[in-house]
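Below is the file protein_32.cif, which contains mmCIF, C-alpha atoms.
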data_final
#
loop_
_atom_site.label_atom_id
_atom_site.label_comp_id
_atom_site.auth_asym_id
_atom_site.auth_seq_id
_atom_site.Cartn_x
_atom_site.Cartn_y
_atom_site.Cartn_z
CA MET A 98 0.00 0.00 0.00
CA LEU A 99 1.13 3.53 -0.73
CA ASN A 100 1.82 5.73 2.27
CA LYS A 101 0.27 9.16 2.76
CA LYS A 102 3.26 11.07 1.33
CA SER A 103 3.23 9.01 -1.88
CA LYS A 104 -0.52 9.61 -2.37
CA ILE A 105 -0.12 13.37 -1.90
CA LEU A 106 2.79 13.38 -4.38
CA ILE A 107 0.75 11.50 -7.01
CA ILE A 108 -2.19 13.91 -6.57
CA ILE A 109 0.12 16.93 -7.00
CA ILE A 110 1.73 15.43 -10.15
CA ILE A 111 -1.66 14.64 -11.68
CA ALA A 112 -2.92 18.17 -10.88
CA VAL A 113 0.14 19.78 -12.47
CA ILE A 114 -0.19 17.59 -15.59
CA GLY A 115 -3.87 18.45 -15.83
CA LEU A 116 -3.15 22.18 -15.53
CA LEU A 117 -0.42 22.05 -18.18
CA THR A 118 -2.69 20.09 -20.49
CA PHE A 119 -5.48 22.64 -20.06
CA LEU A 120 -3.14 25.56 -20.76
CA GLU A 121 -1.65 23.87 -23.83
CA ALA A 122 -5.05 22.90 -25.23
CA ASN A 123 -6.32 26.49 -24.94
CA GLU A 124 -3.20 28.16 -26.30
CA PRO A 125 -3.68 29.52 -29.85
CA ALA A 126 -1.80 27.53 -32.46
CA PRO A 127 1.31 29.35 -33.80
CA ILE A 128 1.31 30.47 -37.43
CA ASN A 129 2.81 27.80 -39.64
CA TRP A 130 5.15 29.37 -42.23
CA PHE A 131 6.19 26.07 -43.76
CA PRO A 132 6.46 26.53 -47.59
CA SER A 133 4.14 23.70 -48.55
CA TYR A 134 2.65 25.21 -51.74
CA SER A 135 -0.05 22.55 -51.50
CA LYS A 136 -3.48 23.35 -52.96
CA THR A 137 -5.22 22.05 -49.81
CA ASP A 138 -3.19 24.09 -47.30
CA LYS A 139 -4.62 27.34 -45.94
CA ILE A 140 -1.39 28.26 -44.16
CA PRO A 141 0.45 31.40 -45.39
CA LEU A 142 2.57 29.52 -47.93
CA GLY A 143 -0.09 27.10 -49.09
CA THR A 144 -1.74 27.60 -52.51
CA PHE A 145 -5.39 27.10 -51.59
CA VAL A 146 -6.33 30.62 -52.76
CA SER A 147 -4.30 30.65 -55.99
CA TYR A 148 -5.45 27.15 -56.97
CA ASN A 149 -9.09 28.18 -56.62
CA LEU A 150 -8.35 31.46 -58.43
CA ILE A 151 -7.02 29.45 -61.38
CA LYS A 152 -10.08 27.22 -61.35
CA GLU A 153 -12.29 30.32 -61.41
CA THR A 154 -10.22 32.16 -64.04
CA PHE A 155 -10.09 29.17 -66.32
CA ALA A 156 -13.00 26.80 -66.76
CA ASP A 157 -13.14 24.26 -63.92
CA GLN A 158 -12.83 21.37 -66.34
CA GLN A 159 -9.68 22.99 -67.77
CA VAL A 160 -7.69 22.34 -64.55
CA LYS A 161 -6.38 18.80 -64.09
CA ASP A 162 -4.53 17.64 -60.95
CA ILE A 163 -1.39 15.60 -61.65
CA ASN A 164 -0.25 13.47 -58.72
CA GLN A 165 2.28 11.37 -60.67
CA PRO A 166 5.88 12.31 -61.42
CA PRO A 167 6.03 14.18 -64.75
CA TYR A 168 7.99 11.35 -66.40
CA GLU A 169 5.26 8.80 -65.63
CA PHE A 170 2.40 11.13 -66.54
CA LEU A 171 3.84 12.22 -69.89
CA SER A 172 4.79 8.63 -70.74
CA ASP A 173 1.20 7.46 -70.12
CA ASN A 174 -0.47 10.54 -71.69
CA ASP A 175 1.67 11.48 -74.68
CA THR A 176 -1.30 13.08 -76.48
CA VAL A 177 -2.26 15.49 -73.69
CA SER A 178 -1.70 19.19 -74.39
CA GLY A 179 -1.79 22.43 -72.39
CA THR A 180 0.30 24.12 -69.70
CA TYR A 181 2.22 22.03 -67.14
CA PHE A 182 2.10 24.25 -64.03
CA PHE A 183 4.76 23.84 -61.29
CA VAL A 184 4.80 25.93 -58.09
CA ASN A 185 7.09 25.03 -55.19
CA GLY A 186 10.15 26.18 -53.28
CA SER A 187 12.32 23.85 -55.36
CA ILE A 188 11.74 22.09 -58.68
CA GLY A 189 14.37 19.55 -59.76
CA PHE A 190 13.93 17.38 -62.86
CA ASP A 191 16.31 14.50 -63.52
CA ASP A 192 17.78 14.25 -67.02
CA SER A 193 15.35 11.67 -68.42
CA GLU A 194 12.37 13.52 -66.96
CA LEU A 195 13.56 16.81 -68.42
CA ASP A 196 14.03 15.20 -71.84
CA HIS A 197 10.40 14.00 -71.74
CA MET A 198 9.22 17.43 -70.61
CA LEU A 199 11.12 19.36 -73.31
CA ALA A 200 9.98 16.95 -76.02
CA TRP A 201 6.40 17.59 -74.88
CA VAL A 202 6.95 21.39 -74.93
CA GLU A 203 8.41 21.21 -78.45
CA LYS A 204 5.07 19.90 -79.70
CA GLY A 205 3.45 23.29 -78.92
CA ASN A 206 2.80 23.06 -75.17
CA THR A 207 3.81 25.35 -72.28
CA LEU A 208 5.94 24.70 -69.22
CA PHE A 209 5.38 27.13 -66.32
CA VAL A 210 7.78 26.89 -63.34
CA SER A 211 7.63 29.20 -60.32
CA ALA A 212 10.30 28.22 -57.77
CA LYS A 213 13.22 29.66 -55.85
CA SER A 214 15.46 26.80 -56.94
CA ILE A 215 14.93 25.65 -60.52
CA SER A 216 16.46 22.49 -61.95
CA GLY A 217 20.06 23.19 -63.01
CA ASN A 218 19.85 21.04 -66.15
CA LEU A 219 16.83 23.08 -67.32
CA LEU A 220 18.67 26.37 -66.72
CA ASP A 221 21.72 25.07 -68.58
CA THR A 222 19.55 24.04 -71.52
CA LEU A 223 18.13 27.56 -71.75
CA SER A 224 21.54 29.26 -71.13
CA ILE A 225 20.35 30.89 -67.90
CA ASP A 226 22.24 31.61 -64.67
CA THR A 227 20.77 32.62 -61.31
CA ASP A 228 22.01 34.63 -58.34
CA ASN A 229 20.64 35.87 -55.05
CA MET A 230 19.89 39.45 -54.05
CA ILE A 231 21.90 40.48 -50.97
CA SER A 232 21.57 43.77 -49.12
CA LEU A 233 24.86 45.05 -47.70
CA ASP A 234 23.33 48.29 -46.38
CA ASP A 235 20.17 46.96 -44.77
CA ILE A 236 19.31 43.73 -42.97
CA THR A 237 15.90 43.41 -44.62
CA THR A 238 15.48 41.00 -47.54
CA GLN A 239 11.86 41.75 -48.39
CA PRO A 240 11.30 41.68 -52.17
CA MET A 241 9.30 43.97 -54.42
CA VAL A 242 7.98 42.64 -57.74
CA GLU A 243 6.41 44.06 -60.88
CA LEU A 244 5.70 43.08 -64.49
CA VAL A 245 7.24 44.72 -67.54
CA ASN A 246 4.14 45.00 -69.71
CA LYS A 247 2.85 48.58 -69.38
CA ASN A 248 -0.75 47.31 -69.42
CA LEU A 249 0.01 45.09 -66.39
CA LYS A 250 2.41 47.42 -64.58
CA THR A 251 1.15 49.46 -61.62
CA GLU A 252 2.31 52.80 -60.25
CA LYS A 253 4.10 51.08 -57.37
CA PRO A 254 5.53 47.55 -57.26
CA TYR A 255 3.98 44.83 -55.11
CA HIS A 256 5.70 44.39 -51.76
CA TYR A 257 6.13 41.05 -49.92
CA ASP A 258 6.63 42.16 -46.31
CA ARG A 259 8.57 39.14 -45.05
CA ASP A 260 12.30 38.47 -45.20
CA THR A 261 13.02 35.64 -47.59
CA TYR A 262 15.61 34.22 -49.97
CA ASN A 263 15.45 36.22 -53.22
CA PRO A 264 16.90 34.58 -56.35
CA TYR A 265 16.86 36.20 -59.77
CA PHE A 266 18.04 35.43 -63.30
CA SER A 267 21.49 37.01 -63.51
CA GLU A 268 22.27 35.88 -67.07
CA ILE A 269 19.89 35.04 -69.91
CA ASP A 270 20.06 34.26 -73.61
CA THR A 271 19.01 37.74 -74.79
CA THR A 272 18.37 36.60 -78.37
CA ASN A 273 15.74 34.02 -77.38
CA THR A 274 14.46 35.23 -74.02
CA MET A 275 11.68 37.73 -73.31
CA VAL A 276 11.85 39.53 -69.95
CA LEU A 277 8.40 39.68 -68.33
CA GLY A 278 9.05 40.80 -64.76
CA PHE A 279 11.51 42.44 -62.37
CA THR A 280 12.28 42.31 -58.67
CA GLN A 281 14.32 44.28 -56.15
CA LEU A 282 14.81 44.36 -52.38
CA TYR A 283 12.45 46.68 -50.50
CA ASN A 284 13.39 50.33 -50.06
CA ASP A 285 11.61 53.25 -48.41
CA THR A 286 10.48 54.80 -51.68
CA LEU A 287 8.74 51.60 -52.83
CA GLN A 288 10.24 51.99 -56.30
CA ILE A 289 12.33 49.55 -58.31
CA LYS A 290 15.50 51.45 -59.21
CA ASP A 291 17.87 48.52 -59.69
CA PRO A 292 15.68 45.91 -61.41
CA LYS A 293 16.63 42.22 -61.35
CA ILE A 294 14.93 39.79 -63.73
CA ASN A 295 12.59 37.32 -62.01
CA PHE A 296 10.12 36.34 -64.77
CA ILE A 297 11.08 35.29 -68.30
CA LYS A 298 9.66 33.51 -71.33
CA GLN A 299 11.59 31.52 -73.90
CA SER A 300 10.33 29.76 -77.00
CA PHE A 301 11.21 26.09 -77.30
CA GLY A 302 10.28 24.35 -80.51
CA ASP A 303 6.62 25.10 -81.15
CA GLY A 304 5.99 25.66 -77.42
CA SER A 305 7.27 27.98 -74.72
CA ILE A 306 8.80 27.92 -71.24
CA LEU A 307 7.92 30.43 -68.50
CA LEU A 308 10.26 30.68 -65.51
CA HIS A 309 9.42 32.68 -62.38
CA SER A 310 11.61 32.92 -59.26
CA PHE A 311 9.05 34.25 -56.74
CA PRO A 312 6.68 31.35 -55.85
CA GLU A 313 5.38 33.29 -52.82
CA ALA A 314 3.20 35.14 -55.35
CA PHE A 315 0.99 32.04 -55.39
CA GLY A 316 0.97 31.71 -51.58
CA ASN A 317 -2.14 32.51 -49.54
CA TYR A 318 -0.43 35.25 -47.52
CA PHE A 319 0.75 37.26 -50.54
CA MET A 320 -2.56 36.97 -52.38
CA LEU A 321 -4.68 38.04 -49.40
CA LYS A 322 -2.43 41.02 -48.56
CA ASP A 323 -3.79 44.31 -49.92
CA ASP A 324 -4.23 44.07 -53.70
CA ASN A 325 -1.34 41.69 -54.34
CA TYR A 326 -3.71 39.19 -55.95
CA ILE A 327 -3.68 41.45 -59.04
CA TYR A 328 0.00 40.59 -59.57
CA THR A 329 -0.80 36.88 -59.46
CA GLN A 330 -3.72 37.35 -61.84
CA ASN A 331 -1.44 39.18 -64.25
CA LEU A 332 1.08 36.35 -64.10
CA LEU A 333 -1.67 33.99 -65.22
CA SER A 334 -2.46 36.24 -68.18
CA TYR A 335 0.63 34.80 -69.91
CA ILE A 336 -1.05 31.38 -70.01
CA ASP A 337 -3.44 30.47 -72.82
CA GLU A 338 -6.86 30.26 -71.17
CA THR A 339 -8.15 27.96 -73.90
CA GLU A 340 -5.61 25.26 -73.05
CA LYS A 341 -5.79 22.75 -70.20
CA ILE A 342 -3.87 23.53 -66.98
CA LEU A 343 -1.95 20.51 -65.65
CA TRP A 344 -1.49 21.41 -61.95
CA ASP A 345 1.46 19.49 -60.48
CA ASN A 346 0.93 17.95 -57.03
CA HIS A 347 4.08 15.79 -57.11
CA TYR A 348 6.77 18.45 -56.67
CA LYS A 349 5.25 19.90 -53.50
CA SER A 350 7.04 20.27 -50.18
CA GLY A 351 3.70 19.89 -48.41
CA LYS A 352 2.32 16.88 -50.25
CA THR A 353 0.62 14.32 -47.99
CA ILE A 354 2.85 11.43 -46.94
CA TYR A 355 1.64 9.08 -44.19
CA THR A 356 4.64 7.45 -42.56
CA SER A 357 3.26 6.42 -39.15
CA PRO A 358 0.10 4.70 -37.86
CA LEU A 359 -0.01 7.40 -35.17
CA PHE A 360 -0.33 10.15 -37.84
CA PHE A 361 -4.08 10.72 -37.43
CA LEU A 362 -3.87 10.47 -33.64
CA LEU A 363 -1.09 13.05 -33.31
CA GLN A 364 -2.62 15.45 -35.85
CA ASN A 365 -5.52 16.15 -33.49
CA ARG A 366 -4.49 18.31 -30.54
CA TYR A 367 -6.91 16.73 -28.04
CA LEU A 368 -6.21 13.12 -29.04
CA LYS A 369 -2.50 13.92 -28.95
CA TRP A 370 -2.67 15.16 -25.34
CA ALA A 371 -4.89 12.24 -24.34
CA TYR A 372 -2.20 9.95 -25.74
CA TYR A 373 0.51 11.83 -23.81
CA ILE A 374 -1.49 11.67 -20.53
CA LEU A 375 -2.00 7.94 -21.02
CA GLY A 376 1.74 7.49 -21.50
CA ILE A 377 2.53 9.60 -18.42
CA GLY A 378 -0.01 7.63 -16.39
CA VAL A 379 1.58 4.34 -17.40
CA LEU A 380 5.00 5.75 -16.51
CA LEU A 381 3.78 6.83 -13.03
CA PHE A 382 2.24 3.40 -12.48
CA VAL A 383 5.54 1.72 -13.36
CA ILE A 384 7.49 4.07 -11.09
CA PHE A 385 5.33 3.72 -7.95
CA GLU A 386 3.97 0.21 -8.42
CA GLY A 387 7.14 -1.39 -9.70
CA LYS A 388 9.46 0.31 -7.24
CA ARG A 389 9.06 -2.43 -4.60
CA LYS A 390 8.98 -5.33 -7.05
CA GLN A 391 11.76 -4.54 -9.51
CA ARG A 392 15.22 -5.81 -8.75
CA SER A 393 18.07 -3.38 -9.10
CA ILE A 394 19.64 -3.33 -12.53
CA PRO A 395 23.36 -2.73 -12.75
CA ILE A 396 24.38 0.44 -14.57
CA ILE A 397 26.35 -0.24 -17.73
CA GLN A 398 28.43 2.64 -18.87
CA PRO A 399 27.92 3.41 -22.59
CA LEU A 400 30.87 3.16 -24.93
CA LYS A 401 32.82 6.36 -25.21
CA ASN A 402 32.82 8.29 -28.45
CA GLN A 403 36.38 7.93 -29.67
CA THR A 404 35.89 9.96 -32.88
CA LEU A 405 37.58 13.10 -31.51
CA ALA A 406 40.50 11.12 -30.08
CA PHE A 407 40.91 9.28 -33.40
CA THR A 408 40.90 12.58 -35.30
CA ARG A 409 43.51 14.05 -32.97
CA THR A 410 45.69 10.93 -33.37
CA ILE A 411 45.55 11.13 -37.19
CA SER A 412 46.27 14.87 -37.11
CA ALA A 413 49.23 14.34 -34.79
CA MET A 414 50.56 11.59 -37.07
CA TYR A 415 50.42 13.90 -40.11
CA PHE A 416 52.10 16.70 -38.16
CA GLU A 417 54.86 14.50 -36.68
CA LYS A 418 55.67 13.03 -40.09
CA ALA A 419 55.92 16.59 -41.47
CA LYS A 420 53.16 16.01 -44.03
CA HIS A 421 52.51 19.73 -44.07
CA LYS A 422 51.48 19.81 -47.72
CA GLU A 423 48.68 17.25 -47.13
CA ILE A 424 47.48 19.17 -44.07
CA VAL A 425 47.26 22.41 -46.08
CA GLU A 426 45.25 20.67 -48.81
CA LYS A 427 42.77 19.36 -46.25
CA GLN A 428 42.61 22.76 -44.51
CA ASN A 429 41.80 24.31 -47.91
CA LEU A 430 38.98 21.83 -48.54
CA LEU A 431 37.59 22.26 -45.01
CA PHE A 432 37.64 26.06 -45.32
CA LEU A 433 35.80 25.98 -48.67
CA ASP A 434 33.25 23.62 -47.09
CA TYR A 435 32.82 26.16 -44.23
CA VAL A 436 32.20 28.96 -46.76
CA HIS A 437 29.70 26.82 -48.68
CA HIS A 438 27.66 25.44 -45.76
CA ASP A 439 28.07 28.04 -42.97
CA LEU A 440 28.19 31.22 -45.05
CA ARG A 441 25.97 29.74 -47.80
CA ILE A 442 28.14 30.98 -50.65
CA GLN A 443 29.04 28.95 -53.73
CA THR A 444 32.80 28.47 -54.18
CA ASN A 445 32.94 27.24 -57.77
CA THR A 446 34.59 30.51 -58.81
CA LEU A 447 36.35 32.89 -56.42
CA ASP A 448 35.92 36.20 -58.26
CA GLU A 449 35.72 39.72 -56.79
CA LYS A 450 31.97 39.49 -56.12
CA ILE A 451 32.27 36.14 -54.32
CA LEU A 452 35.12 37.43 -52.15
CA LEU A 453 33.03 40.52 -51.30
CA ASP A 454 30.10 38.28 -50.25
CA ILE A 455 32.42 36.11 -48.11
CA SER A 456 33.86 39.23 -46.48
CA ALA A 457 30.41 40.67 -45.71
CA ARG A 458 28.90 37.49 -44.30
CA SER A 459 31.94 36.59 -42.17
CA ASN A 460 32.36 40.13 -40.75
CA ASN A 461 35.91 40.37 -42.11
CA ASP A 462 37.58 43.15 -44.07
CA ILE A 463 37.80 42.52 -47.80
CA GLU A 464 41.58 42.90 -47.67
CA ASP A 465 41.89 40.29 -44.90
CA THR A 466 39.69 37.96 -46.94
CA LYS A 467 41.79 38.39 -50.08
CA LYS A 468 44.96 37.96 -48.02
CA LEU A 469 43.78 34.58 -46.69
CA PHE A 470 42.83 33.26 -50.15
CA ARG A 471 46.10 34.53 -51.63
CA TYR A 472 48.00 32.69 -48.90
CA PHE A 473 46.09 29.49 -49.73
CA GLU A 474 47.11 29.89 -53.38
CA GLU A 475 50.72 30.59 -52.41
CA LEU A 476 50.94 27.43 -50.28
CA ASN A 477 49.20 25.29 -52.90
CA ARG A 478 51.84 26.29 -55.47
CA LYS A 479 54.74 25.34 -53.19
CA PRO A 480 56.12 21.80 -53.48
CA ALA A 481 56.98 21.75 -49.75
CA ILE A 482 55.63 23.66 -46.76
CA THR A 483 57.40 24.46 -43.50
CA LYS A 484 56.00 24.07 -40.02
CA GLU A 485 56.02 27.86 -39.54
CA GLU A 486 53.95 28.41 -42.70
CA LEU A 487 51.45 25.79 -41.53
CA VAL A 488 51.13 27.45 -38.12
CA ARG A 489 50.63 30.84 -39.78
CA LEU A 490 47.84 29.41 -41.97
CA TYR A 491 46.12 27.92 -38.91
CA ASN A 492 46.27 31.27 -37.08
CA MET A 493 44.89 33.16 -40.12
CA ILE A 494 41.95 30.73 -40.44
CA SER A 495 41.21 30.92 -36.70
CA GLU A 496 41.29 34.72 -36.73
CA PHE A 497 39.03 34.82 -39.81
CA LYS A 498 36.38 32.55 -38.24
CA ASN A 499 36.49 34.24 -34.82
CA LYS A 500 35.36 37.55 -36.33
#

Full structure transcribed into structure tokens:
Amino acid sequence: MLNKKSKILIIIIIAVIGLLTFLEANEPAPINWFPSYSKTDKIPLGTFVSYNLIKETFADQQVKDINQPPYEFLSDNDTVSGTYFFVNGSIGFDDSELDHMLAWVEKGNTLFVSAKSISGNLLDTLSIDTDNMISLDDITTQPMVELVNKNLKTEKPYHYDRDTYNPYFSEIDTTNTMVLGFTQLYNDTLQIKDPKINFIKQSFGDGSILLHSFPEAFGNYFMLKDDNYIYTQNLLSYIDETEKILWDNHYKSGKTIYTSPLFFLLQNRYLKWAYYILGIGVLLFVIFEGKRKQRSIPIIQPLKNQTLAFTRTISAMYFEKAKHKEIVEKQNLLFLDYVHHDLRIQTNTLDEKILLDISARSNNDIEDTKKLFRYFEELNRKPAITKEELVRLYNMISEFKNK
């Protein structure tokens, strides 16, 4: 039998759990900014509003949902025609899928892609490069967008009042590409003075390809903010309203994937907390009821993680054997990996602009940045490297990262 102290303790624990459950159940759900771009999602970056706008703008029977990968759909429906419509944060076709898609476009169809990251093989095919807008004077990265056509252009550009990643088309094939829209980071005057291309059209065979780098334009938040929906409507004016719209549901970050039998249970707030309370109740029962019956279990210390010690041993071995050249090569690779993943800057080419971006994001002077990269180049050209040069390189890297 439980003594009086144990009963009081259990009552207090149950009361605290009940209070926490009540507070959690009555707390308003936080806004979900996940970029799902799913037609069923009513969250800010879902496409519930734009999908229904398209169904209203075009005849309802003109919009067809495609849940298959494009390769499978086009292989099974080689006679279908219209506009294949892709909206997502990232769209990446593999080579065979892209070949199928381009062959379909050549027959007189249209490919529309609105994404921040567009398949590299598609961009290469169309001789297009992309870059990202970065503000060195202001911390805000809110974009403004507008269309080129004077009949669709407004007095002021449309403003997306949230900081986001802002890609644009930095290089295009000017002989074959039509510029349809511009973008720029927000400024106080709400005017685009340094336009960057974010919407283009290029003919391909008998068809055409439309690329757009601001998918938030199809998100619920943008469309329901002020009169921004006009911008999205104007984007759709470049699609032939007499042709069928093939709305892609495959390349969607928010597409429905059921991976657990507890999915439905945990999706409902009240069932979820009932499940948690049941688990806590079972745990309390085991603690208080099994305390007298369970034999002591010896503590087994877990195996130590020897990764750091192993790394130090290998490093010491390289250093003792005076393999300074190999150490410099690995330091070079590790530093480029740091620039790529921590600073989020591509290191394929280290030109003046890239070095300026590295300097700005790492809080280092441009001269110090150039000095470090020049020293890397100097050491890489040397057939042999001294201990002092290796120590100097280590100190320069440490000083660069500490800033």

Evaluate the PyMOL selection byres ((chain A and resi 438-450) around 12) here and jot the selected residues down as a ChimeraX atom specification. /A:227-229,231,262,429-437,451-460,463-464,466-467,470-471,474,498

I need the residue nearest Ser211 in chain A from this list: A:Ala126, A:Leu287, A:Leu333, A:Leu195. Use all atoms listed in the file for the distance.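 Looking at the shortest contact to Ser211 in chain A, the residue is A:Leu333.
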
Please write as a list in words the full residue list that the PyMOL selection byres ((chain A and resi 203) around 6) yields on this file.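 When the PyMOL selection byres ((chain A and resi 203) around 6) is applied to the shown file, the picked residues are Ala200, Trp201, Val202, Lys204, Gly205, Phe301, Gly302, Asp303 and Gly304 of chain A.
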
Written selection (C-alpha atoms) as a compact mmCIF listing (two decimals), keeping the file's coordinate frame:
# COMPACT_ATOMS: atom_id res chain seq x y z
CA ALA A 200 9.98 16.95 -76.02
CA TRP A 201 6.40 17.59 -74.88
CA VAL A 202 6.95 21.39 -74.93
CA LYS A 204 5.07 19.90 -79.70
CA GLY A 205 3.45 23.29 -78.92
CA PHE A 301 11.21 26.09 -77.30
CA GLY A 302 10.28 24.35 -80.51
CA ASP A 303 6.62 25.10 -81.15
CA GLY A 304 5.99 25.66 -77.42

CA of His309 in chain A to CA of Ile297 in chain A, straight-line distance in Å: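 Going from CA of Ile297 in chain A over to CA of His309 in chain A, I get 6.7 Å.
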
Between CA of Asp162 in chain A and CA of Gly143 in chain A, what is the spacing in Å?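 Between these atoms lies a distance of 15.8 Å.
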
Work out how far CA of Ser133 in chain A is from CA of Glu313 in chain A, in Å to one decimal. 10.6 Å

Missing atoms in range 415-439 of chain A should be modelled up to N, CA and C atoms and reported as an mmCIF file, in the frame of the given file.
data_model
loop_
_atom_site.group_PDB
_atom_site.id
_atom_site.type_symbol
_atom_site.label_atom_id
_atom_site.label_comp_id
_atom_site.auth_asym_id
_atom_site.auth_seq_id
_atom_site.Cartn_x
_atom_site.Cartn_y
_atom_site.Cartn_z
ATOM 1 N N TYR A 415 50.067 13.095 -38.945
ATOM 2 C CA TYR A 415 50.420 13.900 -40.110
ATOM 3 C C TYR A 415 51.448 14.962 -39.735
ATOM 4 N N PHE A 416 51.233 15.597 -38.580
ATOM 5 C CA PHE A 416 52.100 16.700 -38.160
ATOM 6 C C PHE A 416 53.497 16.185 -37.822
ATOM 7 N N GLU A 417 53.569 15.051 -37.088
ATOM 8 C CA GLU A 417 54.860 14.500 -36.680
ATOM 9 C C GLU A 417 55.667 14.019 -37.882
ATOM 10 N N LYS A 418 54.981 13.510 -38.894
ATOM 11 C CA LYS A 418 55.670 13.030 -40.090
ATOM 12 C C LYS A 418 55.945 14.157 -41.087
ATOM 13 N N ALA A 419 55.656 15.395 -40.656
ATOM 14 C CA ALA A 419 55.920 16.590 -41.470
ATOM 15 C C ALA A 419 55.202 16.552 -42.811
ATOM 16 N N LYS A 420 53.971 16.002 -42.808
ATOM 17 C CA LYS A 420 53.160 16.010 -44.030
ATOM 18 C C LYS A 420 52.381 17.318 -44.101
ATOM 19 N N HIS A 421 53.134 18.397 -44.120
ATOM 20 C CA HIS A 421 52.510 19.730 -44.070
ATOM 21 C C HIS A 421 51.707 20.022 -45.328
ATOM 22 N N LYS A 422 52.180 19.552 -46.463
ATOM 23 C CA LYS A 422 51.480 19.810 -47.720
ATOM 24 C C LYS A 422 50.081 19.183 -47.698
ATOM 25 N N GLU A 423 49.980 17.921 -47.201
ATOM 26 C CA GLU A 423 48.680 17.250 -47.130
ATOM 27 C C GLU A 423 47.742 17.962 -46.158
ATOM 28 N N ILE A 424 48.309 18.464 -45.045
ATOM 29 C CA ILE A 424 47.480 19.170 -44.070
ATOM 30 C C ILE A 424 46.914 20.458 -44.678
ATOM 31 N N VAL A 425 47.737 21.176 -45.436
ATOM 32 C CA VAL A 425 47.260 22.410 -46.080
ATOM 33 C C VAL A 425 46.156 22.113 -47.073
ATOM 34 N N GLU A 426 46.289 21.033 -47.841
ATOM 35 C CA GLU A 426 45.250 20.670 -48.810
ATOM 36 C C GLU A 426 43.920 20.381 -48.116
ATOM 37 N N LYS A 427 44.001 19.662 -46.987
ATOM 38 C CA LYS A 427 42.770 19.360 -46.250
ATOM 39 C C LYS A 427 42.199 20.609 -45.591
ATOM 40 N N GLN A 428 43.088 21.497 -45.081
ATOM 41 C CA GLN A 428 42.610 22.760 -44.510
ATOM 42 C C GLN A 428 41.895 23.590 -45.580
ATOM 43 N N ASN A 429 42.421 23.577 -46.794
ATOM 44 C CA ASN A 429 41.800 24.310 -47.910
ATOM 45 C C ASN A 429 40.400 23.778 -48.197
ATOM 46 N N LEU A 430 40.292 22.440 -48.279
ATOM 47 C CA LEU A 430 38.980 21.830 -48.540
ATOM 48 C C LEU A 430 37.994 22.113 -47.414
ATOM 49 N N LEU A 431 38.473 22.015 -46.159
ATOM 50 C CA LEU A 431 37.590 22.260 -45.010
ATOM 51 C C LEU A 431 37.139 23.723 -44.982
ATOM 52 N N PHE A 432 38.014 24.649 -45.339
ATOM 53 C CA PHE A 432 37.640 26.060 -45.320
ATOM 54 C C PHE A 432 36.608 26.371 -46.417
ATOM 55 N N LEU A 433 36.787 25.791 -47.599
ATOM 56 C CA LEU A 433 35.800 25.980 -48.670
ATOM 57 C C LEU A 433 34.451 25.380 -48.277
ATOM 58 N N ASP A 434 34.495 24.235 -47.561
ATOM 59 C CA ASP A 434 33.250 23.620 -47.090
ATOM 60 C C ASP A 434 32.572 24.533 -46.067
ATOM 61 N N TYR A 435 33.368 25.186 -45.197
ATOM 62 C CA TYR A 435 32.820 26.160 -44.230
ATOM 63 C C TYR A 435 32.143 27.327 -44.944
ATOM 64 N N VAL A 436 32.780 27.850 -45.992
ATOM 65 C CA VAL A 436 32.200 28.960 -46.760
ATOM 66 C C VAL A 436 30.899 28.534 -47.419
ATOM 67 N N HIS A 437 30.888 27.298 -47.950
ATOM 68 C CA HIS A 437 29.700 26.820 -48.680
ATOM 69 C C HIS A 437 28.517 26.562 -47.742
ATOM 70 N N HIS A 438 28.769 25.859 -46.627
ATOM 71 C CA HIS A 438 27.660 25.440 -45.760
ATOM 72 C C HIS A 438 27.335 26.461 -44.659
ATOM 73 N N ASP A 439 28.351 27.094 -44.058
ATOM 74 C CA ASP A 439 28.070 28.040 -42.970
ATOM 75 C C ASP A 439 27.718 29.428 -43.500
#
